[in-house]
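What follows is the content of final_33.cif (mmCIF, C-alpha atoms).
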```cif
data_protein
loop_
_atom_site.label_atom_id
_atom_site.label_comp_id
_atom_site.auth_asym_id
_atom_site.auth_seq_id
_atom_site.Cartn_x
_atom_site.Cartn_y
_atom_site.Cartn_z
CA MET A 847 136.86 82.97 98.56
CA ALA A 848 137.86 86.31 100.09
CA SER A 849 141.10 86.39 102.09
CA ASP A 850 141.14 87.35 105.76
CA GLY A 851 142.59 90.74 104.77
CA THR A 852 139.71 91.39 102.37
CA ILE A 853 137.08 90.33 104.91
CA ARG A 854 138.70 92.63 107.49
CA LEU A 855 138.80 95.44 104.92
CA ILE A 856 135.08 95.07 104.17
CA ASP A 857 134.30 95.12 107.90
CA ARG A 858 136.47 98.17 108.39
CA LEU A 859 134.97 100.06 105.44
CA ALA A 860 131.46 99.27 106.66
CA ASP A 861 132.32 100.37 110.20
CA ASP A 862 133.82 103.62 108.88
CA LEU A 863 130.82 104.40 106.67
CA THR A 864 129.45 107.91 106.84
CA PRO A 865 126.49 109.23 104.82
CA VAL A 866 127.41 110.90 101.53
CA ARG A 867 125.36 113.08 99.22
CA PRO A 868 125.23 111.54 95.75
CA LEU A 869 126.53 113.81 93.01
CA ALA A 870 123.90 115.25 90.71
CA SER A 871 123.74 113.67 87.25
CA PRO A 872 126.66 114.57 84.96
CA ALA A 873 124.24 116.25 82.53
CA ARG A 874 122.89 118.51 85.26
CA ARG A 875 126.38 119.35 86.55
CA ALA A 876 127.61 120.12 83.04
CA ALA A 877 124.55 122.31 82.41
CA GLY A 878 125.29 124.22 85.62
CA ALA A 879 128.92 124.83 84.65
CA ILE A 880 128.02 125.92 81.11
CA THR A 881 125.25 128.21 82.39
CA ALA A 882 127.72 129.88 84.76
CA PHE A 883 130.15 130.37 81.87
CA ALA A 884 127.36 131.75 79.67
CA ALA A 885 126.33 134.28 82.32
CA ILE A 886 129.89 135.58 82.73
CA ALA A 887 130.49 135.53 78.96
CA LEU A 888 127.32 137.52 78.26
CA VAL A 889 128.36 140.20 80.75
CA ALA A 890 131.85 140.34 79.20
CA ILE A 891 130.48 140.49 75.64
CA PHE A 892 127.98 143.25 76.32
CA ALA A 893 130.23 145.25 78.62
CA MET A 894 133.59 144.95 76.88
CA SER A 895 133.35 143.74 73.28
CA ASP A 896 132.77 145.76 70.11
CA LEU A 897 129.58 143.93 69.14
CA ASP A 898 128.67 146.29 66.28
CA GLY A 899 132.19 146.03 64.87
CA THR A 900 132.07 142.25 65.10
CA ILE A 901 128.78 142.13 63.19
CA ALA A 902 130.05 144.61 60.56
CA ARG A 903 133.26 142.62 60.11
CA HIS A 904 131.28 139.53 59.22
CA ALA A 905 129.02 141.31 56.71
CA GLY A 906 128.47 139.23 53.58
CA ARG A 907 129.48 135.96 55.18
CA GLU A 908 127.14 135.78 58.12
CA ALA A 909 126.08 132.20 57.44
CA LEU A 910 129.64 130.84 57.38
CA MET A 911 130.61 132.78 60.50
CA ALA A 912 127.48 131.64 62.32
CA ALA A 913 128.22 128.02 61.40
CA GLU A 914 131.82 128.36 62.57
CA MET A 915 130.79 129.96 65.85
CA VAL A 916 128.22 127.22 66.46
CA ALA A 917 130.96 124.62 65.82
CA ILE A 918 133.33 126.38 68.26
CA LEU A 919 130.61 126.67 70.90
CA LEU A 920 129.65 123.02 70.43
CA THR A 921 133.30 121.99 70.84
CA GLY A 922 133.33 123.78 74.19
CA VAL A 923 129.93 122.53 75.35
CA THR A 924 130.47 118.91 74.30
CA GLY A 925 134.02 118.91 75.73
CA VAL A 926 132.79 120.12 79.12
CA THR A 927 129.81 117.73 79.07
CA ALA A 928 132.04 114.80 78.10
CA ALA A 929 134.40 115.61 80.99
CA PHE A 930 131.52 115.42 83.51
CA PHE A 931 130.34 112.09 82.10
CA LEU A 932 133.84 110.59 81.87
CA ALA A 933 134.50 111.54 85.50
CA ILE A 934 131.87 109.02 86.65
CA PRO A 935 132.93 105.33 86.69
CA GLY A 936 131.07 103.15 84.23
CA ARG A 937 129.96 105.89 81.83
CA SER A 938 130.73 105.21 78.18
CA PRO A 939 134.28 106.05 77.08
CA ALA A 940 132.69 107.00 73.73
CA TRP A 941 132.00 110.39 75.34
CA MET A 942 135.64 111.14 74.49
CA LEU A 943 134.72 111.11 70.80
CA VAL A 944 131.73 113.48 71.06
CA PRO A 945 133.68 116.79 70.93
CA LEU A 946 135.77 115.63 67.97
CA GLY A 947 133.00 116.23 65.39
CA PRO A 948 132.47 119.91 66.31
CA LEU A 949 136.26 120.34 66.59
CA LEU A 950 136.77 119.12 63.02
CA ALA A 951 133.87 121.29 61.81
CA TRP A 952 135.40 124.31 63.56
CA PHE A 953 138.73 123.99 61.77
CA ALA A 954 137.15 123.01 58.45
CA LEU A 955 134.84 126.04 58.48
CA GLY A 956 137.69 128.26 59.68
CA GLY A 957 139.81 127.02 56.77
CA ILE A 958 137.01 127.70 54.29
CA GLY A 959 136.60 131.20 55.72
CA CYS A 960 140.33 131.88 55.31
CA LEU A 961 140.33 130.69 51.69
CA ALA A 962 137.18 132.50 50.68
CA PHE A 963 137.40 135.82 52.46
CA ALA A 964 140.79 136.65 53.92
CA SER A 965 142.46 139.59 52.24
CA GLN A 966 146.03 139.36 50.99
CA ASP A 967 147.26 141.44 53.89
CA ALA A 968 145.40 139.29 56.33
CA ALA A 969 146.87 136.15 54.76
CA ALA A 970 150.25 137.35 55.92
CA GLY A 971 149.09 136.99 59.49
CA GLY A 972 146.79 138.83 61.84
CA ASP A 973 147.34 139.66 65.48
CA SER A 974 147.95 136.01 66.23
CA MET A 975 149.69 136.51 69.56
CA HIS A 976 146.58 138.27 70.83
CA CYS A 977 144.57 135.13 70.02
CA LEU A 978 147.13 132.84 71.65
CA VAL A 979 147.22 134.85 74.86
CA PHE A 980 143.42 135.25 74.91
CA ILE A 981 142.68 131.53 74.43
CA LEU A 982 145.38 130.48 76.91
CA ALA A 983 144.32 132.94 79.59
CA THR A 984 140.57 132.41 79.15
CA GLY A 985 140.99 128.66 78.70
CA ILE A 986 142.86 128.40 81.98
CA ALA A 987 140.39 130.77 83.69
CA VAL A 988 137.56 128.46 82.57
CA GLY A 989 139.55 125.29 83.21
CA LEU A 990 140.47 125.91 86.85
CA PRO A 991 136.92 126.15 88.25
CA LEU A 992 135.99 123.28 85.94
CA ALA A 993 138.80 121.17 87.44
CA TRP A 994 137.48 122.01 90.91
CA LEU A 995 133.98 120.87 89.94
CA LEU A 996 135.29 117.69 88.28
CA ALA A 997 137.50 116.88 91.27
CA ARG A 998 134.37 116.35 93.36
CA ALA A 999 133.96 113.05 91.50
CA ALA A 1000 137.61 112.08 92.24
CA PRO A 1001 137.70 110.59 88.72
CA ILE A 1002 139.46 107.27 88.30
CA GLU A 1003 140.11 107.95 84.59
CA ALA A 1004 141.79 111.32 85.10
CA GLY A 1005 143.61 111.31 81.74
CA ARG A 1006 140.44 111.16 79.67
CA VAL A 1007 138.65 113.65 81.91
CA THR A 1008 141.40 116.26 81.71
CA LEU A 1009 141.67 115.87 77.92
CA ALA A 1010 137.95 116.46 77.46
CA ALA A 1011 137.92 119.30 80.00
CA GLY A 1012 140.94 120.94 78.34
CA LEU A 1013 139.27 120.76 74.94
CA GLY A 1014 136.00 122.09 76.38
CA SER A 1015 137.77 125.01 78.11
CA ALA A 1016 139.70 125.88 74.96
CA GLY A 1017 136.51 125.73 72.87
CA LEU A 1018 134.62 128.04 75.22
CA ALA A 1019 137.59 130.43 75.31
CA ALA A 1020 137.84 130.44 71.51
CA PHE A 1021 134.09 131.13 71.24
CA LEU A 1022 134.46 134.15 73.50
CA LEU A 1023 137.45 135.28 71.46
CA GLN A 1024 135.22 135.71 68.39
CA PHE A 1025 133.67 138.77 70.06
CA PHE A 1026 137.06 140.32 70.78
CA HIS A 1027 138.71 139.47 67.45
CA PRO A 1028 139.23 142.80 65.64
CA PHE A 1029 140.40 141.39 62.27
CA ASP A 1030 139.80 138.68 59.66
CA VAL A 1031 140.93 135.18 60.54
CA THR A 1032 143.98 134.02 58.60
CA PHE A 1033 145.60 130.62 58.28
CA VAL A 1034 148.23 131.81 60.75
CA ASP A 1035 145.43 132.69 63.19
CA LEU A 1036 143.84 129.31 62.64
CA ALA A 1037 147.16 127.57 63.30
CA ILE A 1038 147.59 129.69 66.42
CA HIS A 1039 144.07 128.70 67.52
CA ALA A 1040 145.05 125.06 67.05
CA LEU A 1041 148.25 125.63 69.03
CA ALA A 1042 146.36 127.43 71.80
CA VAL A 1043 143.75 124.65 71.99
CA THR A 1044 146.55 122.06 72.14
CA LEU A 1045 148.34 124.00 74.89
CA VAL A 1046 145.16 124.26 76.98
CA VAL A 1047 144.48 120.53 76.49
CA VAL A 1048 148.08 119.70 77.45
CA ALA A 1049 147.83 122.02 80.48
CA GLY A 1050 144.67 120.13 81.43
CA ALA A 1051 146.38 116.77 81.02
CA LEU A 1052 149.36 117.94 83.10
CA GLY A 1053 146.96 119.25 85.72
CA ARG A 1054 145.34 115.84 86.27
CA ARG A 1055 146.62 115.83 89.82
CA LEU A 1056 144.21 118.69 90.46
CA LEU A 1057 141.46 116.11 90.09
CA GLY A 1058 142.76 114.19 93.08
CA SER A 1059 142.52 110.86 91.31
CA ARG A 1060 144.58 107.88 92.27
CA MET B 1082 123.87 83.23 101.54
CA ILE B 1083 125.07 86.84 101.62
CA ALA B 1084 126.04 87.29 97.94
CA GLY B 1085 122.76 85.79 96.77
CA SER B 1086 120.65 87.99 99.01
CA ALA B 1087 122.64 91.04 97.87
CA HIS B 1088 121.71 90.35 94.27
CA GLN B 1089 118.07 89.73 95.19
CA GLU B 1090 117.97 93.22 96.68
CA SER B 1091 120.09 94.54 93.77
CA LEU B 1092 123.50 96.02 94.35
CA GLY B 1093 122.24 99.42 93.29
CA THR B 1094 119.55 99.50 95.98
CA LEU B 1095 122.07 98.47 98.64
CA LEU B 1096 124.57 101.11 97.54
CA ALA B 1097 121.88 103.78 97.53
CA GLU B 1098 121.03 102.79 101.12
CA ALA B 1099 124.75 102.86 101.98
CA GLN B 1100 124.97 106.41 100.66
CA HIS B 1101 122.50 107.30 103.42
CA GLY B 1102 124.81 105.71 105.98
CA ASP B 1103 123.26 102.22 106.30
CA ARG B 1104 126.27 100.14 107.38
CA ASP B 1105 124.52 96.80 107.15
CA ALA B 1106 123.44 97.53 103.57
CA TYR B 1107 126.98 98.63 102.74
CA ARG B 1108 128.48 95.41 104.12
CA ARG B 1109 126.00 93.38 102.07
CA PHE B 1110 126.74 95.52 99.03
CA LEU B 1111 130.50 94.97 99.32
CA ASP B 1112 130.04 91.22 99.93
CA GLY B 1113 127.70 91.03 96.96
CA ALA B 1114 130.08 92.99 94.73
CA MET B 1115 133.04 90.68 95.42
CA PRO B 1116 132.35 88.07 92.68
CA LEU B 1117 132.02 90.79 90.04
CA LEU B 1118 135.14 92.62 91.22
CA ARG B 1119 137.12 89.38 91.26
CA ARG B 1120 135.85 88.38 87.80
CA VAL B 1121 136.66 91.74 86.19
CA ALA B 1122 140.07 91.95 87.88
CA ALA B 1123 140.95 88.40 86.83
CA ARG B 1124 139.89 89.05 83.24
CA ARG B 1125 142.11 92.14 83.07
CA ALA B 1126 145.11 91.10 85.13
CA GLY B 1127 144.89 87.31 85.26
CA ALA B 1128 144.25 85.16 88.30
CA GLY B 1129 147.76 85.69 89.67
CA PRO B 1130 149.01 86.50 93.15
CA ASP B 1131 148.09 90.18 92.71
CA LEU B 1132 144.37 89.45 92.32
CA GLU B 1133 143.56 89.90 96.00
CA ASP B 1134 145.50 93.19 96.09
CA ILE B 1135 143.56 94.46 93.07
CA VAL B 1136 140.25 93.52 94.68
CA GLN B 1137 141.25 95.28 97.91
CA ASP B 1138 142.36 98.34 95.96
CA ALA B 1139 139.01 98.33 94.14
CA LEU B 1140 137.17 98.14 97.49
CA LEU B 1141 139.11 101.16 98.76
CA THR B 1142 138.29 103.08 95.57
CA ILE B 1143 134.61 102.15 95.84
CA HIS B 1144 134.61 103.54 99.38
CA ARG B 1145 136.28 106.77 98.23
CA VAL B 1146 134.00 107.43 95.24
CA ARG B 1147 130.73 105.96 96.57
CA HIS B 1148 129.10 109.39 96.19
CA THR B 1149 129.51 109.16 92.39
CA TYR B 1150 126.99 106.34 92.05
CA THR B 1151 123.66 107.66 90.79
CA PRO B 1152 120.80 105.94 92.64
CA GLY B 1153 118.41 104.21 90.28
CA LEU B 1154 121.08 103.17 87.78
CA PRO B 1155 122.55 99.64 87.75
CA ALA B 1156 125.62 99.46 90.00
CA GLU B 1157 127.36 96.74 87.97
CA PRO B 1158 128.87 98.97 85.23
CA TRP B 1159 130.05 101.37 87.94
CA LEU B 1160 131.71 98.51 89.87
CA ALA B 1161 133.18 96.91 86.75
CA ALA B 1162 134.78 100.21 85.65
CA ILE B 1163 136.44 100.63 89.05
CA ALA B 1164 137.75 97.05 89.15
CA ALA B 1165 139.02 97.30 85.56
CA ARG B 1166 140.81 100.57 86.31
CA ARG B 1167 142.52 99.16 89.40
CA ALA B 1168 143.56 96.04 87.46
CA ILE B 1169 145.09 98.18 84.72
CA ASP B 1170 146.91 100.26 87.34
CA SER B 1171 148.27 97.07 88.87
CA LEU B 1172 149.48 95.82 85.49
CA ARG B 1173 151.17 99.17 84.80
CA SER B 1174 152.80 99.18 88.19
CA ARG B 1175 153.99 95.61 87.63
CA GLY B 1176 155.34 96.69 84.23
CA ARG B 1177 157.23 99.64 85.74
CA ILE B 1178 158.78 97.44 88.40
CA GLY B 1179 159.68 94.89 85.72
CA ALA B 1180 161.33 97.60 83.60
CA ARG B 1181 163.63 98.54 86.46
CA GLU B 1182 164.65 94.99 87.25
CA LEU B 1183 167.17 92.72 85.54
CA HIS B 1184 165.71 90.74 82.68
CA ASP B 1185 168.78 88.73 81.75
CA PRO B 1186 168.34 85.30 83.29
CA LEU B 1187 172.02 84.56 82.72
CA ALA B 1188 172.96 87.51 84.92
CA LEU B 1189 171.43 85.73 87.89
CA GLU B 1190 172.44 82.22 86.89
CA THR B 1191 174.87 80.54 89.18
CA PHE B 1192 174.65 76.99 87.90
CA ALA B 1193 174.04 75.60 84.43
CA ASP B 1194 171.33 73.32 85.74
CA PRO B 1195 168.01 75.24 85.98
CA GLN B 1196 166.96 73.06 88.94
CA ALA B 1197 169.98 74.31 90.88
CA ASN B 1198 169.07 77.94 90.12
CA ARG B 1199 165.58 77.35 91.43
CA GLU B 1200 167.20 76.40 94.69
CA GLU B 1201 169.21 79.66 94.69
CA ALA B 1202 166.17 81.78 93.90
CA GLY B 1203 164.38 80.34 96.86
CA GLY B 1204 167.28 81.32 99.10
CA ALA B 1205 166.48 85.02 99.17
CA SER B 1206 162.90 84.31 100.10
CA ARG B 1207 164.04 81.93 102.87
CA ASP B 1208 166.51 84.57 104.15
CA LEU B 1209 163.69 87.08 104.37
CA ASP B 1210 161.47 84.58 106.14
CA ARG B 1211 164.30 83.80 108.60
CA MET B 1212 164.89 87.51 109.28
CA MET B 1213 161.19 88.07 109.88
CA ALA B 1214 160.80 84.94 112.00
CA ASP B 1215 161.43 86.69 115.31
CA LEU B 1216 159.13 89.65 114.62
CA THR B 1217 155.79 89.94 116.34
CA PRO B 1218 152.75 89.14 114.14
CA ARG B 1219 151.77 92.81 114.05
CA GLN B 1220 155.29 93.85 112.98
CA LYS B 1221 155.25 91.19 110.23
CA GLU B 1222 151.88 92.37 109.03
CA ALA B 1223 152.92 96.04 109.04
CA LEU B 1224 156.13 95.31 107.08
CA LYS B 1225 154.33 93.09 104.59
CA LEU B 1226 151.63 95.66 103.83
CA VAL B 1227 153.67 98.89 103.91
CA LYS B 1228 157.05 97.76 102.61
CA LEU B 1229 156.42 94.63 100.52
CA LYS B 1230 152.96 95.43 99.13
CA GLN B 1231 153.79 99.18 99.14
CA MET B 1232 150.39 100.18 100.46
CA SER B 1233 149.89 103.65 101.87
CA LEU B 1234 149.59 103.78 105.65
CA ALA B 1235 145.87 104.51 105.30
CA GLU B 1236 145.32 101.49 103.08
CA ALA B 1237 147.42 99.28 105.33
CA SER B 1238 145.45 100.58 108.27
CA LEU B 1239 142.17 99.64 106.61
CA VAL B 1240 143.44 96.18 105.71
CA SER B 1241 145.16 95.31 108.99
CA GLY B 1242 142.94 97.12 111.45
CA GLN B 1243 146.05 98.65 113.05
CA SER B 1244 146.03 102.40 113.55
CA ILE B 1245 148.38 104.46 111.38
CA ALA B 1246 150.48 105.38 114.40
CA SER B 1247 150.70 101.72 115.38
CA LEU B 1248 151.71 100.77 111.83
CA LYS B 1249 154.51 103.34 111.86
CA VAL B 1250 155.82 102.03 115.18
CA ASN B 1251 155.61 98.40 114.06
CA VAL B 1252 157.37 99.09 110.73
CA HIS B 1253 160.14 100.99 112.51
CA ARG B 1254 160.62 98.34 115.21
CA GLY B 1255 160.43 95.51 112.64
CA ILE B 1256 163.17 97.04 110.47
CA LYS B 1257 165.38 97.66 113.51
CA ALA B 1258 164.93 94.07 114.66
CA MET B 1259 165.80 92.75 111.19
CA ALA B 1260 168.87 95.00 110.98
CA ARG B 1261 170.02 93.69 114.37
CA LYS B 1262 169.61 90.13 113.15
CA LEU B 1263 171.51 90.93 109.95
CA GLY B 1264 174.38 92.44 111.96
CA ALA B 1265 174.54 89.57 114.43
#
```
Using structure tokens, write down the structure that the file contains.
Amino acid sequence: MASDGTIRLIDRLADDLTPVRPLASPARRAAGAITAFAAIALVAIFAMSDLDGTIARHAGREALMAAEMVAILLTGVTGVTAAFFLAIPGRSPAWMLVPLGPLLAWFALGGIGCLAFASQDAAAGGDSMHCLVFILATGIAVGLPLAWLLARAAPIEAGRVTLAAGLGSAGLAAFLLQFFHPFDVTFVDLAIHALAVTLVVVAGALGRRLLGSR
Amino acid sequence: MIAGSAHQESLGTLLAEAQHGDRDAYRRFLDGAMPLLRRVAARRAGAGPDLEDIVQDALLTIHRVRHTYTPGLPAEPWLAAIAARRAIDSLRSRGRIGARELHDPLALETFADPQANREEAGGASRDLDRMMADLTPRQKEALKLVKLKQMSLAEASLVSGQSIASLKVNVHRGIKAMARKLGA
């Protein structure tokens, strides 16, 4: 039996009701966000990156590089998609696990690439700080508009949403980095990638208040 | 019976109509959702004294995020997730309060006989009741919601029907009246 306070609350909520526009499906919203990122990324790649140099640098190991780039892109895409699904009450928490497969593949393929192809000089460490700054800056640049879009759902599970969004942003940033990466990936680079991804995810988790959840 | 009719129409259909601004459908939706909210909250947090607060908190959250329901999908998983979340928040909040309070029963013991201590424990509650006895009903309600239940003014306003300005005045006047009584 509802208490008087609860009955009054229901009456009050019903009296205060205003029409709302239902959010589009999480899949559609995620597709919109990823399409916007893709459009900006394509402009940046064609206008600013050394595409020929990137292709030449990967000569002889195109298949491995392609697989690694697909894994990185999938980490970003599944992370962003998972964040949109997790922001809606009642959607499966298993969405949190979806980006983990591509993430593991990314680092496994990156490790194989380091072992198989990195030169001795490169093994000493590439321009790792460049990677760190690039992933952090791009990850945050992707993450802020993403947080704004996710906040429209006022997610009640903000922790999970920000983790997935942070991972998605870092994945998309790392994918873009591949076109601006003027040297072979080393283990130090890979570790720096992992650190950068972790920092973006942590920044996302700390920024959960941006989502306006309560 | 309201809850029964709500289920006949399906909670999802009612909520979809409420998203268009149909107040009657919304009232029936909230009435119809109550058993589910109560059941989920009780399963997570137990059927203790906080149950009604959790249900009210879930109702406020439902109101705030009603635009996130996708028409055509069942509303029950959506409702259950909200109630479960609010129950977990309540348990965490209870845990935090517990962590800051004394846990040593001996520290509060005044008599060896537990029955005698029960009497003492009831004293504080009686003192509070005595101090609040002379307050107006609206002052009592404002103090209970804002200070004892630690609701925000907006939540207390929704629950009590008092405006936020009126709540502020009633809390302020209630505390002053209690302080006067304490000093007398």
Original post:
Which residues come within 12 Å of segment 863-869 of chain A, counting all atoms listed in the file, excluding same-chain residues fewer than 3 positions away, as number ranges by chain?
Top reply: A: 856-860, 872-876, 930-931, 933-934, 995-1000; B: 1096-1108, 1111, 1141, 1143-1153
Original post:
In terms of the shortest atom-to-atom distance over only C-alpha atoms, which of B:Ile1256, B:Ser1091, B:Arg1166, B:Arg1120 is closest to chain A?
Top reply: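 Of B:Ile1256, B:Ser1091, B:Arg1166, B:Arg1120, the one nearest chain A is B:Arg1166, counting only C-alpha atoms.
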Subject >> Answer key for the PyMOL selection byres ((chain A and resi 884-890) around 10), residues as a PyMOL selection string >> reply: chain A and resi 878-883+891-895+1018-1019+1021-1022+1025-1026
Would you export the selected residues with C-alpha atoms as a compact mmCIF listing (two decimals), keeping the file's coordinate frame, please?
```
# COMPACT_ATOMS: atom_id res chain seq x y z
CA GLY A 878 125.29 124.22 85.62
CA ALA A 879 128.92 124.83 84.65
CA ILE A 880 128.02 125.92 81.11
CA THR A 881 125.25 128.21 82.39
CA ALA A 882 127.72 129.88 84.76
CA PHE A 883 130.15 130.37 81.87
CA ILE A 891 130.48 140.49 75.64
CA PHE A 892 127.98 143.25 76.32
CA ALA A 893 130.23 145.25 78.62
CA MET A 894 133.59 144.95 76.88
CA SER A 895 133.35 143.74 73.28
CA LEU A 1018 134.62 128.04 75.22
CA ALA A 1019 137.59 130.43 75.31
CA PHE A 1021 134.09 131.13 71.24
CA LEU A 1022 134.46 134.15 73.50
CA PHE A 1025 133.67 138.77 70.06
CA PHE A 1026 137.06 140.32 70.78
```
**OP:** Check which residues satisfy the PyMOL selection byres ((chain A and resi 984) around 10) in the file shown, then give them as a ChimeraX atom specification.
**Re:** /A:978-983,985-989,1015-1016,1018-1020,1022-1023,1046
Subject >> Polymer residues at most 12 Å from Lys1228 of chain B, only C-alpha atoms, same-chain spacing of 2 or more positions, as a count of residues only >> reply: 20
